[in-house]
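> Pasting a structure here, questions to come.
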Amino acid sequence: AQREGSNNKKAFSHEAHSGTMAEGGREIDLSQFNIEQLTNIKSQHEQEIKEIMGNWKTLKEAESRFVSTKQGLDVISAKDGEEILVPLTPSLYVPGTIADTQKVLVDIGTGYFVEKSPKDAQALLDRKIAVISVNAEQLHSVAKQKQKNLETIVEMMRMRLRQMDDSKAAQQGQA
């Protein structure tokens, strides 16, 4: 069994042939659960995968915005006095003039901005992109592991249903 991530969230590992999973450092034997319990575990896993993938998507969107911002820094360098369109909303722009390319305001989150040189802004954005990329990759790894666990759960449910069918057939054969 292996443990994914270092963020104290529940992590599972997949043991396809034994029908066991490890949750938070302890192994779970799925063969000990009835079909109703397995259905509940399956539903929980599906919900967790959905939430993780939603968080992953949000991180990837943030990463894309930072990459776009970084590209914008390349565009403004050495263009003092140049006319540009300044966005007021995503679909409304006003004409403006670049006054000083040696200072930019960078959104550092929750409505706070800091003044930086373009070089320092690039470095800040590089750090943010790197952190987001690592976090997104960790989430994706956890989601893949949970998907494997889900496959194990579904397989155990199929086995339980076959056992129930075999048991019914045996009872009908005796009657």
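The way I read the labels, and the way they are meant: chains A, B, ... in the order of the structure tokens, residue 1 as the first residue of every chain, and ligand 1 as the first ligand shown, with later ones counted on from there.
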Neighbours of segment 111-127 of chain A within 9 Å (only C-alpha atoms; same-chain residues fewer than 3 positions away dropped), as a ChimeraX atom specification?
/A:66-67,69-70,73-74,77,101-108,130-132
> Enumerate as a count of residues only all residues of segment 9-174 of chain A assigned to strand (DSSP E or B) by DSSP on the backbone, naming them with the chain letters and numbers the document uses.
36
> Please provide the set of residues having any atom within 10 Å of segment 48-54 of chain A, restricted to only C-alpha atoms, with same-chain residues fewer than 2 positions apart removed, written as a VMD selection string.
chain A and resid 10 42 to 46 56 to 60 136 139 to 140 142 to 147 150
> Quick check, in Å to one decimal: how far apart do atom CA of Asp29 of chain A and atom CA of Ala170 of chain A lie?
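Result for atom CA of Asp29 of chain A versus atom CA of Ala170 of chain A: 26.5 Å, one decimal.
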> What is the atom CA of Gln37 of chain A-atom CA of Met159 of chain A distance in Å, reported with one decimal?
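Atom CA of Met159 of chain A lies 13.9 Å from atom CA of Gln37 of chain A.
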